[in-house]
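**Q** Structure supplied as structure-v1.cif; contents: mmCIF, C-alpha atoms.
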```
data_upload
loop_
_atom_site.label_atom_id
_atom_site.label_comp_id
_atom_site.auth_asym_id
_atom_site.auth_seq_id
_atom_site.Cartn_x
_atom_site.Cartn_y
_atom_site.Cartn_z
CA MET A 1 165.27 -11.62 103.26
CA SER A 2 167.62 -11.17 100.35
CA GLU A 3 170.46 -13.50 99.41
CA GLU A 4 173.04 -11.16 100.93
CA THR A 5 171.45 -10.96 104.40
CA ARG A 6 170.68 -14.68 104.75
CA PRO A 7 172.91 -16.35 107.33
CA THR A 8 175.82 -17.84 105.46
CA GLU A 9 176.84 -20.35 108.08
CA GLN A 10 178.26 -23.29 106.21
CA GLY A 11 180.45 -25.01 108.82
CA TYR A 12 182.99 -27.29 107.21
CA ILE A 13 181.03 -27.65 103.97
CA PRO A 14 183.50 -25.55 101.89
CA LEU A 15 186.29 -27.89 102.93
CA LEU A 16 184.30 -30.88 101.70
CA GLN A 17 183.41 -29.23 98.40
CA GLU A 18 187.01 -28.26 97.79
CA ARG A 19 188.24 -31.79 98.45
CA PHE A 20 185.45 -33.97 97.01
CA GLY A 21 183.61 -31.65 94.62
CA GLU A 22 181.38 -33.71 92.37
CA LEU A 23 181.37 -36.80 94.60
CA ILE A 24 179.07 -35.25 97.17
CA SER A 25 175.54 -34.04 96.60
CA GLY A 26 172.48 -32.75 98.42
CA VAL A 27 174.60 -30.81 100.87
CA GLU A 28 172.88 -28.73 103.51
CA TRP A 29 173.83 -27.35 106.89
CA VAL A 30 171.13 -27.78 109.51
CA ASP A 31 171.36 -27.53 113.28
CA ASN A 32 175.13 -27.50 113.33
CA GLU A 33 175.46 -30.59 111.18
CA ALA A 34 176.09 -31.25 107.52
CA ARG A 35 173.65 -33.52 105.72
CA LEU A 36 174.91 -34.93 102.47
CA THR A 37 175.13 -37.90 100.16
CA VAL A 38 178.46 -39.28 99.05
CA SER A 39 179.26 -41.55 96.13
CA LEU A 40 180.25 -45.11 96.95
CA ASP A 41 183.53 -44.84 94.99
CA LYS A 42 185.23 -42.58 97.50
CA LEU A 43 183.33 -43.60 100.64
CA HIS A 44 186.34 -44.83 102.56
CA ASP A 45 188.48 -41.81 101.63
CA PHE A 46 185.62 -39.57 102.64
CA LEU A 47 185.23 -41.26 106.01
CA SER A 48 188.92 -41.10 106.77
CA PHE A 49 188.92 -37.40 105.79
CA ALA A 50 185.95 -36.86 108.13
CA ARG A 51 187.73 -38.54 111.00
CA ASP A 52 191.23 -37.12 110.58
CA ASP A 53 190.69 -33.66 109.12
CA LEU A 54 187.22 -32.72 110.34
CA LEU A 55 187.82 -34.38 113.73
CA LEU A 56 184.51 -36.27 113.57
CA LYS A 57 185.94 -38.82 115.93
CA PHE A 58 182.81 -40.13 117.59
CA PRO A 59 180.93 -42.87 115.67
CA ALA A 60 177.38 -42.14 116.80
CA ASP A 61 175.41 -44.42 114.50
CA LEU A 62 175.58 -46.60 111.44
CA THR A 63 172.43 -48.06 109.97
CA ALA A 64 170.70 -48.51 106.63
CA PHE A 65 167.34 -48.52 104.94
CA ASP A 66 165.83 -50.10 101.86
CA THR A 67 164.03 -47.87 99.41
CA GLY A 68 162.97 -50.77 97.22
CA GLU A 69 165.36 -49.79 94.40
CA GLN A 70 168.53 -49.48 96.45
CA PHE A 71 169.95 -49.64 99.94
CA VAL A 72 171.04 -46.44 101.62
CA LEU A 73 173.69 -46.54 104.33
CA VAL A 74 173.37 -43.90 107.02
CA TYR A 75 176.39 -42.76 109.00
CA ARG A 76 176.12 -40.30 111.85
CA LEU A 77 179.39 -38.86 113.06
CA VAL A 78 179.91 -36.38 115.86
CA SER A 79 182.83 -34.16 116.79
CA ILE A 80 182.95 -33.53 120.47
CA GLU A 81 185.91 -31.12 120.16
CA LYS A 82 184.31 -29.01 117.44
CA GLY A 83 180.68 -29.29 118.53
CA TYR A 84 179.36 -30.24 115.11
CA ALA A 85 178.13 -33.41 113.46
CA MET A 86 177.53 -35.07 110.10
CA LEU A 87 174.68 -37.11 108.67
CA LEU A 88 175.97 -39.05 105.71
CA HIS A 89 174.01 -41.10 103.20
CA CYS A 90 175.51 -43.49 100.68
CA SER A 91 173.47 -45.41 98.11
CA ILE A 92 174.33 -48.99 97.20
CA SER A 93 172.88 -51.29 94.55
CA ARG A 94 170.56 -54.02 95.81
CA GLU A 95 172.06 -56.60 93.45
CA ASP A 96 175.60 -56.52 94.80
CA PRO A 97 175.64 -54.67 98.12
CA VAL A 98 179.33 -54.46 98.99
CA VAL A 99 180.89 -51.46 100.74
CA PRO A 100 184.28 -50.85 102.35
CA THR A 101 184.28 -51.28 106.10
CA ALA A 102 184.54 -48.33 108.47
CA SER A 103 185.50 -50.52 111.42
CA ASP A 104 189.21 -49.92 110.67
CA LEU A 105 188.64 -46.19 111.24
CA TRP A 106 186.21 -46.48 114.17
CA PRO A 107 186.41 -49.87 115.94
CA GLY A 108 183.06 -48.99 117.50
CA PHE A 109 181.39 -49.54 114.12
CA ASN A 110 182.30 -53.23 114.21
CA TRP A 111 179.00 -54.37 115.72
CA HIS A 112 176.97 -51.76 113.82
CA GLU A 113 178.21 -53.24 110.57
CA ARG A 114 177.41 -56.75 111.77
CA GLU A 115 173.88 -55.62 112.55
CA VAL A 116 173.46 -54.01 109.12
CA PHE A 117 174.77 -57.23 107.57
CA ASP A 118 172.38 -59.24 109.72
CA MET A 119 169.30 -57.28 108.71
CA PHE A 120 170.07 -56.17 105.13
CA GLY A 121 172.77 -58.53 103.89
CA ILE A 122 175.08 -55.62 103.04
CA ARG A 123 178.64 -56.98 103.04
CA PHE A 124 181.45 -54.87 104.48
CA GLU A 125 184.74 -55.57 102.76
CA GLY A 126 187.63 -55.72 105.20
CA HIS A 127 185.48 -56.31 108.26
CA PRO A 128 187.37 -58.57 110.68
CA ASP A 129 184.41 -60.74 111.74
CA LEU A 130 181.36 -60.28 109.56
CA ARG A 131 178.69 -62.67 110.83
CA ARG A 132 175.18 -62.37 112.21
CA ILE A 133 174.86 -60.61 115.55
CA LEU A 134 171.16 -60.67 116.56
CA LEU A 135 169.58 -63.49 114.61
CA PRO A 136 170.65 -67.14 114.94
CA ASP A 137 173.61 -68.06 112.74
CA ASP A 138 171.55 -70.39 110.56
CA TRP A 139 168.80 -67.86 109.80
CA GLU A 140 167.95 -67.62 106.12
CA GLY A 141 167.34 -64.27 104.47
CA PHE A 142 167.64 -60.68 105.63
CA PRO A 143 164.49 -59.50 107.43
CA PHE A 144 164.75 -55.74 106.85
CA ARG A 145 164.79 -56.09 103.08
CA LYS A 146 161.53 -55.00 101.51
CA ASP A 147 161.19 -58.27 99.60
CA TYR A 148 161.78 -60.49 102.65
CA VAL A 149 159.11 -63.14 103.19
CA SER A 150 159.18 -65.27 106.31
CA VAL A 151 158.05 -68.86 106.01
CA PRO A 152 157.43 -70.56 109.38
CA SER A 153 159.77 -73.50 109.87
CA GLY A 154 157.41 -75.46 112.13
CA ASP A 155 160.29 -76.05 114.56
CA PRO A 156 160.43 -73.97 117.79
CA LEU A 157 164.19 -74.45 118.00
CA HIS A 158 165.04 -73.30 114.50
CA GLY A 159 164.06 -70.77 111.88
CA PRO A 160 161.13 -68.37 111.60
CA GLN A 161 158.21 -68.90 113.95
CA PRO A 162 154.56 -68.66 112.94
CA VAL A 163 153.15 -65.16 113.28
CA ASP A 164 149.92 -64.04 114.91
CA GLU A 165 148.25 -67.42 115.15
CA VAL A 166 145.26 -66.33 117.22
CA GLY A 167 144.63 -63.02 115.54
CA TRP A 168 145.97 -61.10 118.52
CA LYS A 169 146.34 -57.39 117.86
CA PRO A 170 147.72 -54.73 120.15
CA MET B 1 163.95 -76.40 165.91
CA GLY B 2 160.59 -76.03 167.58
CA ALA B 3 157.82 -78.58 167.54
CA VAL B 4 156.27 -79.24 164.15
CA GLU B 5 152.77 -77.86 164.48
CA GLU B 6 151.34 -79.34 161.34
CA LEU B 7 152.58 -82.74 160.32
CA PRO B 8 152.45 -83.67 156.63
CA ASP B 9 149.91 -86.22 155.46
CA GLY B 10 150.84 -89.74 156.41
CA VAL B 11 153.03 -88.71 159.34
CA GLN B 12 151.89 -89.77 162.79
CA ARG B 13 153.24 -88.89 166.16
CA HIS B 14 153.32 -91.42 168.97
CA ASP B 15 154.02 -90.52 172.56
CA VAL B 16 156.29 -92.97 174.28
CA PRO B 17 157.87 -92.81 177.75
CA GLY B 18 160.65 -90.27 177.62
CA GLY B 19 159.51 -88.44 174.44
CA SER B 20 157.82 -89.22 171.17
CA ILE B 21 158.50 -90.92 167.87
CA ILE B 22 156.96 -90.41 164.49
CA THR B 23 156.07 -92.94 161.88
CA ALA B 24 155.51 -91.95 158.31
CA GLN B 25 155.17 -93.08 154.77
CA LEU B 26 158.47 -92.68 152.99
CA ASP B 27 156.82 -90.85 150.08
CA SER B 28 155.37 -88.31 152.42
CA VAL B 29 158.67 -87.52 154.14
CA LEU B 30 160.65 -87.39 150.93
CA ASN B 31 158.08 -85.12 149.32
CA TRP B 32 158.06 -82.88 152.37
CA ALA B 33 161.82 -82.53 152.04
CA ARG B 34 161.63 -81.93 148.31
CA LYS B 35 158.94 -79.31 148.43
CA SER B 36 160.84 -77.47 151.14
CA SER B 37 163.98 -77.20 149.05
CA MET B 38 162.89 -76.38 145.52
CA TRP B 39 166.18 -75.04 144.27
CA SER B 40 165.68 -72.94 141.20
CA LEU B 41 167.92 -72.39 138.23
CA SER B 42 169.35 -68.90 138.33
CA PHE B 43 168.62 -67.27 135.02
CA GLY B 44 166.25 -64.66 133.66
CA LEU B 45 165.32 -63.71 130.13
CA SER B 46 163.74 -60.28 130.35
CA CYS B 47 161.62 -57.96 132.46
CA CYS B 48 159.88 -60.82 134.33
CA ALA B 49 163.33 -61.64 135.69
CA ILE B 50 163.37 -58.28 137.47
CA GLU B 51 160.16 -59.24 139.24
CA MET B 52 161.61 -62.67 139.99
CA MET B 53 164.67 -61.01 141.55
CA ALA B 54 162.38 -58.77 143.59
CA THR B 55 160.59 -61.92 144.79
CA ALA B 56 163.89 -63.48 145.76
CA ALA B 57 165.11 -60.38 147.59
CA SER B 58 164.45 -59.63 151.22
CA HIS B 59 161.03 -57.98 150.93
CA TYR B 60 159.27 -61.08 149.57
CA ASP B 61 162.05 -63.50 150.46
CA LEU B 62 161.80 -66.73 148.48
CA ASP B 63 164.40 -68.26 150.83
CA ARG B 64 161.69 -68.81 153.45
CA PHE B 65 160.14 -71.38 151.11
CA GLY B 66 163.50 -73.04 150.66
CA ILE B 67 163.68 -71.71 147.11
CA MET B 68 167.23 -70.69 146.43
CA PHE B 69 168.77 -69.86 143.10
CA ARG B 70 171.52 -72.16 141.92
CA ALA B 71 173.90 -71.17 139.19
CA THR B 72 174.11 -74.64 137.69
CA PRO B 73 171.40 -76.87 136.22
CA ARG B 74 172.95 -79.91 137.94
CA GLN B 75 171.74 -78.65 141.30
CA ALA B 76 168.40 -77.21 140.24
CA ASP B 77 164.90 -78.69 140.65
CA VAL B 78 162.83 -75.87 139.23
CA MET B 79 163.32 -73.79 136.10
CA ILE B 80 161.52 -70.46 136.25
CA VAL B 81 161.32 -69.23 132.67
CA ALA B 82 161.00 -65.51 133.33
CA GLY B 83 160.55 -63.74 130.03
CA TRP B 84 160.19 -64.22 126.32
CA VAL B 85 161.96 -67.07 124.54
CA SER B 86 163.59 -66.11 121.27
CA VAL B 87 164.51 -68.63 118.60
CA LYS B 88 168.15 -67.97 119.37
CA MET B 89 167.65 -68.64 123.09
CA ALA B 90 165.39 -71.68 122.69
CA PRO B 91 168.12 -74.32 122.06
CA LEU B 92 170.02 -73.06 125.09
CA ILE B 93 166.96 -73.34 127.34
CA LYS B 94 166.34 -76.81 126.02
CA ARG B 95 169.91 -77.78 126.79
CA LEU B 96 169.73 -76.39 130.33
CA TRP B 97 166.48 -78.27 130.87
CA ASP B 98 168.06 -81.50 129.64
CA GLN B 99 170.96 -80.97 132.04
CA MET B 100 168.67 -80.71 135.07
CA PRO B 101 168.27 -84.00 136.94
CA GLU B 102 164.82 -85.52 137.48
CA PRO B 103 162.51 -84.77 139.18
CA LYS B 104 162.27 -81.31 137.68
CA TYR B 105 159.57 -78.72 137.11
CA ALA B 106 159.27 -75.78 134.75
CA VAL B 107 157.39 -72.61 135.62
CA ALA B 108 156.29 -70.37 132.76
CA MET B 109 156.29 -66.95 134.38
CA GLY B 110 154.19 -64.31 132.65
CA GLY B 111 152.49 -63.93 129.31
CA CYS B 112 155.61 -64.24 127.13
CA ALA B 113 156.83 -67.54 128.53
CA SER B 114 153.27 -68.90 128.57
CA ALA B 115 152.18 -67.94 125.07
CA GLY B 116 154.45 -65.34 123.48
CA GLY B 117 152.74 -62.36 125.12
CA PRO B 118 152.80 -59.12 123.13
CA TYR B 119 155.41 -60.66 120.79
CA ARG B 120 153.07 -63.20 119.24
CA ASP B 121 153.34 -61.38 115.94
CA SER B 122 157.12 -61.70 115.83
CA GLU B 123 158.73 -64.43 113.77
CA THR B 124 161.71 -64.66 116.13
CA ILE B 125 159.74 -65.39 119.32
CA VAL B 126 158.77 -68.92 120.33
CA LYS B 127 155.05 -68.83 121.14
CA GLY B 128 155.33 -70.22 124.63
CA VAL B 129 158.11 -72.16 126.29
CA ASP B 130 155.83 -75.23 126.45
CA ARG B 131 156.73 -75.84 122.81
CA ILE B 132 160.22 -76.75 123.96
CA ILE B 133 159.89 -78.16 127.48
CA PRO B 134 156.96 -79.52 129.54
CA VAL B 135 155.59 -76.80 131.81
CA SER B 136 154.09 -77.52 135.24
CA VAL B 137 152.87 -74.06 136.25
CA TYR B 138 151.67 -71.16 134.12
CA ILE B 139 151.60 -67.81 135.89
CA TYR B 140 149.58 -64.95 134.44
CA GLY B 141 150.75 -61.35 134.45
CA CYS B 142 152.91 -58.94 132.51
CA PRO B 143 154.97 -59.20 134.57
CA PRO B 144 153.35 -61.19 137.38
CA ARG B 145 153.48 -59.59 140.80
CA PRO B 146 155.72 -61.32 143.34
CA GLU B 147 152.60 -62.53 145.16
CA ASN B 148 151.47 -64.18 141.96
CA LEU B 149 154.79 -65.94 141.50
CA ILE B 150 154.81 -67.07 145.12
CA TYR B 151 151.25 -68.39 144.75
CA GLY B 152 152.26 -70.41 141.72
CA LEU B 153 155.27 -71.84 143.50
CA MET B 154 153.14 -72.72 146.54
CA LYS B 155 150.71 -74.52 144.24
CA LEU B 156 153.68 -76.44 142.90
CA GLN B 157 154.68 -77.30 146.47
CA GLU B 158 151.19 -78.67 147.09
CA ARG B 159 151.49 -80.84 144.04
CA ILE B 160 154.94 -82.12 144.98
CA GLN B 161 153.61 -83.10 148.42
CA LYS B 162 150.94 -85.28 146.80
CA GLU B 163 153.21 -86.86 144.24
CA PRO B 164 153.77 -90.62 144.44
CA PHE B 165 157.52 -90.09 144.48
CA LEU B 166 158.75 -93.67 144.61
CA ALA B 167 156.08 -94.97 142.25
CA LYS B 168 156.19 -94.08 138.59
CA ARG B 169 155.01 -90.53 138.29
CA ARG B 170 152.11 -89.62 136.10
CA GLN B 171 152.17 -86.74 133.69
CA LEU B 172 149.84 -84.29 135.42
CA GLU B 173 147.84 -81.47 133.97
CA PRO B 174 149.65 -78.16 134.37
CA ILE B 175 148.64 -75.68 137.06
CA VAL B 176 147.29 -72.41 135.68
CA VAL B 177 147.50 -69.42 138.00
CA GLN B 178 145.03 -66.68 137.09
#
```
Would you put the structure from the file into structure tokens?
**A**
Amino acid sequence: MSEETRPTEQGYIPLLQERFGELISGVEWVDNEARLTVSLDKLHDFLSFARDDLLLKFPADLTAFDTGEQFVLVYRLVSIEKGYAMLLHCSISREDPVVPTASDLWPGFNWHEREVFDMFGIRFEGHPDLRRILLPDDWEGFPFRKDYVSVPSGDPLHGPQPVDEVGWKP
Amino acid sequence: MGAVEELPDGVQRHDVPGGSIITAQLDSVLNWARKSSMWSLSFGLSCCAIEMMATAASHYDLDRFGIMFRATPRQADVMIVAGWVSVKMAPLIKRLWDQMPEPKYAVAMGGCASAGGPYRDSETIVKGVDRIIPVSVYIYGCPPRPENLIYGLMKLQERIQKEPFLAKRRQLEPIVVQ
């Protein structure tokens, strides 16, 4: 198949490239959704563009992962009107993980951001109530970080519990 | 009420002109009343709670044992810990247990409450509720069948009937249902 006859379906990607140009990278259009990486500098502008201009109004998911060198935030946004979606990655430094909140755009992301904070320690600037959501409030450390080490506290009412004492395996 | 077919230990029936009277040890009567009204604290932690609810519903009918679920620890005699105990939940269970008046009994229902179950390799799961509160009955299963739960509770009833209620109570070995 030559270049000319390949399907040229690009969805809303030209709109993004026109508006954000160099700030986005790794763009591809798969299964009716755009997959791309955006720079942290313009993350909030990008998200508000996605919501207001691309009509990606449904906040499907917000999570993160740790590559060892950096954290990567993962947003998944869906447009029910338009029938398309977006999978958005955004890399953050591990030393000072601070990103602008998206809970002002989608209130539904409030708890997602609390969970990401709980597990990775990524701080969301402008979040109305950024505290732990799953772990106890006095938990130390962020368990989903690659360098997290749990030290049993020896107290069943507080802190990490001992793991696998009897060698039980599934 | 019909005639009591089987009198508890220590209760004797004497025929007298015009009817009958019973004499009994006070312990025996009090224990008979207590074991017939083991009110349980109404809370569940995970999937074992579904089985506990099934046991309480009409098919298995815990009410016929006098076991009714109370929504406050002040009125409860038995705490059925139905499910895993996370570190976040543990202080709350401890507080509920402390709020229950004596005499009180804890039932560890299923593998998680007894020993952590399949979550033994998690740092956020307390490896058995007996690390927080004293447990009287351990019930095996994942989750235990209603019959298993009922058997454990009936074993607890047997123990309550034998308890020296007015004397100082001993700390007894827990019952293990297998």
**Q** What residues come out when you apply the PyMOL selection byres ((chain B and resi 70) around 7) to this file, written as an MDAnalysis selection string?
**A** chainID B and resid 39:42 68:69 71:72 75:76
**Q** With C-alpha atoms kept, could you save the residues just selected as a PDB file, in the frame of the given file?
**A**
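Output file part10.pdb is given in full below:
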```
ATOM      1  CA  TRP B  39     166.180 -75.040 144.270  1.00  0.00           C
ATOM      2  CA  SER B  40     165.680 -72.940 141.200  1.00  0.00           C
ATOM      3  CA  LEU B  41     167.920 -72.390 138.230  1.00  0.00           C
ATOM      4  CA  SER B  42     169.350 -68.900 138.330  1.00  0.00           C
ATOM      5  CA  MET B  68     167.230 -70.690 146.430  1.00  0.00           C
ATOM      6  CA  PHE B  69     168.770 -69.860 143.100  1.00  0.00           C
ATOM      7  CA  ALA B  71     173.900 -71.170 139.190  1.00  0.00           C
ATOM      8  CA  THR B  72     174.110 -74.640 137.690  1.00  0.00           C
ATOM      9  CA  GLN B  75     171.740 -78.650 141.300  1.00  0.00           C
ATOM     10  CA  ALA B  76     168.400 -77.210 140.240  1.00  0.00           C
TER      11      ALA B  76
END
```
**Q** Run through the PyMOL selection byres ((chain A and resi 60-72) around 8) on the given coordinates and return the selected residues as a PyMOL selection string.
**A** chain A and resi 58-59+73-78+89-94+97+109+112-113+116+120+144-146
**Q** Step by step, work through what the PyMOL selection byres ((chain A) within 7 of (chain B)) selects in the shown file, and finish by giving those residues as a ChimeraX atom specification.
**A** /A:135-136,156-158,160-164
**Q** In Å, with one decimal, what is the gap from atom CA of Pro100 of chain A to atom CA of Glu125 of chain A?
**A** 4.8 Å
**Q** Which of these residues is nearest to Leu55 of chain A, using only C-alpha atoms: A:Phe117, A:Tyr148, A:Tyr84, A:Trp111?
**A**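 The closest residue to Leu55 of chain A is A:Tyr84.
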**Q** Rounded to one decimal place, report the atom CA of Met100 of chain B-atom CA of Val135 of chain B distance in Å.
**A**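 Spanning atom CA of Met100 of chain B to atom CA of Val135 of chain B is a straight-line distance of 14.0 Å.
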**Q** Could you check the closest approach to Leu149 of chain B for each of B:Tyr60, B:Tyr105, B:Phe43, B:Trp32 and tell me which residue wins, using all atoms listed in the file?
**A**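 Of B:Tyr60, B:Tyr105, B:Phe43, B:Trp32, the one nearest Leu149 of chain B is B:Tyr60, counting all atoms listed in the file.
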**Q** Can you tell me how far atom CA of Val11 of chain B sits from atom CA of Ala106 of chain B, in Å to one decimal?
**A** 28.5 Å
**Q** Choose the residue, out of A:Leu36, A:Leu105, A:Ser153, A:Trp29, that has the smallest atom-to-atom separation from Arg51 of chain A; count only C-alpha atoms.
**A**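 With only C-alpha atoms as the atom set, the closest residue is A:Leu105.
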**Q** Measuring between all atoms listed in the file, which one of B:Gly111, B:Cys47, B:Leu153, B:Trp97 shows the shortest distance to Gly66 of chain B?
**A** B:Leu153
**Q** Considering all atoms listed in the file, return as a ChimeraX atom specification whatever protein or nucleic-acid residues lie within 12 Å of Glu28 of chain A, sequence-local ones (same chain, fewer than 2 positions apart) excluded.
**A** /A:8-14,16-17,24-26,30-37,86-88
**Q** Find the residues with any atom within 12 Å of (151.6, -77.3, 144.6); use all atoms listed in the file and the coordinates as given in the file, and write the answer as a PyMOL selection string.
**A** chain B and resi 31-32+34-36+38+105+107+136-137+150-163+172+174-177
